[in-house]
Amino acid sequence: MTIRRDSPRAWYVAGLLAVAYAVAFVDRQVLNLLVDPIKVDLALTDTQISLLAGFAFAAAYVLAGPLFGRLADQGNRRNLLALGVAIWSIFTVLCGYAEGFWSLYGARAGVGAAEAVLLPAAWSLLADYFSREQLPRAMSIFLLGPFVGGGLALIFGGLIVQSVAGAEFGGPLAGLAPWSLTFVFVGLPGLLLAALMLTVREPPRVVAAAHDRRYSLRDVLRFLWEERAFYGRFFGGMALVVVALYALPAWTPAFLMRAHGGTPGTVGLQYGTATLLAGSLGVLLGPWV
């Protein structure tokens with residue numbers, strides 16, 4: 001199937017992928033706003049909360065990343081994305097039904113492993129949908145996702161916690177605490193997004209078509225080892241950047257509530273708005289700079 005690069009459909013795909021990235025960040029970061037309620041209900045320590053917010057997600061993400069990267073190189077990226085979005089949304093809902101540390105740990109790990117599909121598949125699709133000249137702008141739209149999603153997770157997470165406090169639900173929602181309902185309500189829309197992913201057409205692999213050779217896993221590992229002087233520094237540096245990038249938002253809402261008496265609704269609205277506006281502005285200005 002021939003797909004014209006830089007076409008309106010290409011920009012639709014870029015927008016849809018940005019929405020997927022935003023939803024991913026909502027699902028992964030809404031826990032940051034719920035630290036204290038979860039800690040009290042499940043009788044957890046701050047160390048256990050840190051493992052849930054960080055290690056449970058990140059370890060699964062890192063382990064699944066190479067697998068999904070390989071599948072994105074060789075398989076149908078559209079279908080892979082639809083499956084990944086559906087799985088991480090289901091695990092987000094399951095976070096709301098966790099009854100202890102290990103059940104919540106398992107659900108968070110499921111979110112992390114499934115979300116590892118997004119970046120390799122999305123980057124590959126964007127490279128085939130856009131020309132070299134338009135790719136930076138398309139990437140900037142896609143990279144709006146973390147800041148939009150992080151901001152919305154705080155804003156709507158706080159609003160949901162406040163709105164469901166004291167409310168009574170029946171059926172499968174009966175007896176769930178406000179923090180549990182928040183996970184359920186932010187996870188369910190992802191299933192609709194998974195269906196929307198099926199509207200994306202799988203484009204021909206423009207980049208891959210320029211190379212006849214298929215590289216085995218051994219070839220890849222050999223290349224990384226031979227170029228370890230660069231890749232060792234690159235991966236090490238990026239890992240240190242991400243430590244700061246994730247540690248600060250993980251504990252800022254709890255700090256504002258504990259030290260300054262903020263409520264989830266107030267902290268979510270104010271800190272979420274700052275994240276949404278400042279982060280989005282920075283990403284959009286990147287290609288221009």
# chains A, B, ... in the order shown; residues from 1 in each chain; ligands from 1

call {"tool": "closest_atom_pairs", "arguments": {"of": "stretch 129-198 of chain A", "to": "stretch 241-245 of chain A", "cutoff": "12 Å", "atoms": "only C-alpha atoms", "output": "Markdown table"}}
result
| residue | atom | partner | partner_atom | distance |
| --- | --- | --- | --- | --- |
| A:Pro146 | CA | A:Leu245 | CA | 11.1 |
| A:Phe147 | CA | A:Leu245 | CA | 11.5 |
| A:Gly150 | CA | A:Leu245 | CA | 11.7 |

call {"tool": "write_last_selection", "arguments": {"atoms": "N, CA and C atoms", "output": "CSV table (one decimal), in the first residue's frame"}}
result
chain,number,residue,atom,x,y,z
A,146,PRO,N,4.1,13.1,26.8
A,146,PRO,CA,4.4,12.9,28.2
A,146,PRO,C,4.0,14.1,29.1
A,147,PHE,N,4.1,15.3,28.5
A,147,PHE,CA,3.8,16.5,29.3
A,147,PHE,C,2.3,16.7,29.3
A,150,GLY,N,1.2,13.8,31.6
A,150,GLY,CA,1.6,14.0,33.0
A,150,GLY,C,0.7,15.1,33.6

call {"tool": "residues_around", "arguments": {"residues": "stretch 134-142 of chain A", "least_positions_apart": "3", "cutoff": "6 Å", "atoms": "only C-alpha atoms", "output": "ChimeraX atom specification"}}
result
/A:18,130-131,145,283-284

call {"tool": "select_by_dssp", "arguments": {"residues": "stretch 34-273 of chain A", "states": "alpha helix (DSSP H)", "output": "ChimeraX atom specification"}}
result
/A:35-42,46-50,56-74,77-95,101-115,118-129,135-142,145-164,178-187,189-196,206-209,217-226,228-260,264-273

call {"tool": "closest_atom_pairs", "arguments": {"of": "stretch 90-122 of chain A", "to": "stretch 52-73 of chain A", "cutoff": "6 Å", "atoms": "only C-alpha atoms", "output": "CSV"}}
result
residue,atom,partner,partner_atom,distance
A:Tyr105,CA,A:Leu52,CA,5.7
A:Arg108,CA,A:Phe57,CA,5.5
A:Ala109,CA,A:Phe57,CA,4.8
A:Gly112,CA,A:Phe57,CA,4.4
A:Ala113,CA,A:Tyr61,CA,4.6
A:Ala116,CA,A:Gly65,CA,5.0
A:Val117,CA,A:Phe68,CA,5.2
A:Pro120,CA,A:Gly69,CA,5.2
A:Ala121,CA,A:Ala72,CA,5.2

call {"tool": "residues_around", "arguments": {"residues": "stretch 250-260 of chain A", "least_positions_apart": "2", "cutoff": "8 Å", "atoms": "only C-alpha atoms", "output": "list of chain:residue names"}}
result
A:Gln29, A:Asn32, A:Leu33, A:Val35, A:Asp36, A:Ala53, A:Tyr246, A:Ala247, A:Leu248, A:Gly262, A:Thr263, A:Pro264, A:Val267, A:Gly268, A:Tyr271

call {"tool": "write_last_selection", "arguments": {"atoms": "C-alpha atoms", "output": "PDB file, in the first residue's frame"}}
result
ATOM      1  CA  GLN A  29       1.925   8.716  36.608  1.00  0.00           C
ATOM      2  CA  ASN A  32       2.094   9.941  41.979  1.00  0.00           C
ATOM      3  CA  LEU A  33      -1.019  11.809  43.101  1.00  0.00           C
ATOM      4  CA  VAL A  35       0.774   8.102  47.201  1.00  0.00           C
ATOM      5  CA  ASP A  36      -0.659   8.856  50.634  1.00  0.00           C
ATOM      6  CA  ALA A  53       6.246   4.174  41.334  1.00  0.00           C
ATOM      7  CA  TYR A 246      10.973  10.614  37.009  1.00  0.00           C
ATOM      8  CA  ALA A 247      12.007  11.012  40.646  1.00  0.00           C
ATOM      9  CA  LEU A 248      10.947  14.660  40.921  1.00  0.00           C
ATOM     10  CA  GLY A 262      -2.480  20.726  49.772  1.00  0.00           C
ATOM     11  CA  THR A 263      -5.385  18.507  48.774  1.00  0.00           C
ATOM     12  CA  PRO A 264      -5.222  16.078  45.823  1.00  0.00           C
ATOM     13  CA  VAL A 267      -2.181  19.966  43.939  1.00  0.00           C
ATOM     14  CA  GLY A 268      -3.379  18.120  40.846  1.00  0.00           C
ATOM     15  CA  TYR A 271       1.052  21.295  39.567  1.00  0.00           C
TER      16      TYR A 271
END

call {"tool": "residues_around", "arguments": {"residues": "stretch 187-193 of chain A", "least_positions_apart": "4", "cutoff": "6 Å", "atoms": "only C-alpha atoms", "output": "NGL selection string"}}
result
:A and (86 or 89 or 92-93 or 183)

call {"tool": "write_last_selection", "arguments": {"atoms": "all heavy atoms", "output": "PDB file, in the first residue's frame"}}
result
ATOM      1  N   ALA A  86      -4.195  -1.728  24.661  1.00  0.00           N
ATOM      2  CA  ALA A  86      -5.247  -2.486  25.349  1.00  0.00           C
ATOM      3  C   ALA A  86      -4.706  -3.156  26.608  1.00  0.00           C
ATOM      4  O   ALA A  86      -5.342  -3.115  27.672  1.00  0.00           O
ATOM      5  CB  ALA A  86      -5.846  -3.521  24.408  1.00  0.00           C
ATOM      6  N   SER A  89      -3.845  -0.638  29.426  1.00  0.00           N
ATOM      7  CA  SER A  89      -5.078  -0.070  29.985  1.00  0.00           C
ATOM      8  C   SER A  89      -5.735  -1.058  30.948  1.00  0.00           C
ATOM      9  O   SER A  89      -6.234  -0.674  32.017  1.00  0.00           O
ATOM     10  CB  SER A  89      -6.042   0.289  28.859  1.00  0.00           C
ATOM     11  OG  SER A  89      -5.479   1.256  27.985  1.00  0.00           O
ATOM     12  N   THR A  92      -3.831  -1.065  34.124  1.00  0.00           N
ATOM     13  CA  THR A  92      -4.119   0.137  34.910  1.00  0.00           C
ATOM     14  C   THR A  92      -5.394  -0.054  35.713  1.00  0.00           C
ATOM     15  O   THR A  92      -5.463   0.298  36.898  1.00  0.00           O
ATOM     16  CB  THR A  92      -4.258   1.367  33.993  1.00  0.00           C
ATOM     17  OG1 THR A  92      -3.040   1.560  33.262  1.00  0.00           O
ATOM     18  CG2 THR A  92      -4.549   2.628  34.802  1.00  0.00           C
ATOM     19  N   VAL A  93      -6.421  -0.611  35.067  1.00  0.00           N
ATOM     20  CA  VAL A  93      -7.662  -0.909  35.784  1.00  0.00           C
ATOM     21  C   VAL A  93      -7.396  -1.890  36.919  1.00  0.00           C
ATOM     22  O   VAL A  93      -7.916  -1.735  38.038  1.00  0.00           O
ATOM     23  CB  VAL A  93      -8.722  -1.469  34.817  1.00  0.00           C
ATOM     24  CG1 VAL A  93      -9.950  -1.961  35.579  1.00  0.00           C
ATOM     25  CG2 VAL A  93      -9.128  -0.406  33.791  1.00  0.00           C
ATOM     26  N   PHE A 183      -7.848   4.754  39.409  1.00  0.00           N
ATOM     27  CA  PHE A 183      -7.160   3.866  38.464  1.00  0.00           C
ATOM     28  C   PHE A 183      -8.144   3.289  37.445  1.00  0.00           C
ATOM     29  O   PHE A 183      -7.838   3.208  36.243  1.00  0.00           O
ATOM     30  CB  PHE A 183      -6.477   2.719  39.212  1.00  0.00           C
ATOM     31  CG  PHE A 183      -5.131   3.057  39.766  1.00  0.00           C
ATOM     32  CD1 PHE A 183      -4.914   3.075  41.142  1.00  0.00           C
ATOM     33  CD2 PHE A 183      -4.071   3.352  38.926  1.00  0.00           C
ATOM     34  CE1 PHE A 183      -3.656   3.381  41.656  1.00  0.00           C
ATOM     35  CE2 PHE A 183      -2.815   3.660  39.426  1.00  0.00           C
ATOM     36  CZ  PHE A 183      -2.610   3.678  40.804  1.00  0.00           C
TER      37      PHE A 183
END

call {"tool": "closest_residue", "arguments": {"among": "A:Leu125, A:Leu159, A:Ala43, A:Ile3", "to": "A:Asn79", "atoms": "only C-alpha atoms"}}
result
A:Leu125

call {"tool": "closest_residue", "arguments": {"among": "A:Val85, A:Leu31, A:Ala278, A:Leu285", "to": "A:Leu198", "atoms": "only C-alpha atoms"}}
result
A:Val85

call {"tool": "atom_distance", "arguments": {"atom1": "atom CA of A:Gly100", "atom2": "atom CA of A:Leu44"}}
result
8.5 Å

call {"tool": "closest_residue", "arguments": {"among": "A:Lys39, A:Arg77, A:Arg201, A:Arg28", "to": "A:Phe91", "atoms": "only C-alpha atoms"}}
result
A:Arg28

call {"tool": "closest_residue", "arguments": {"among": "A:Leu173, A:Leu143, A:Val164, A:Ala98", "to": "A:Asp41", "atoms": "only C-alpha atoms"}}
result
A:Ala98
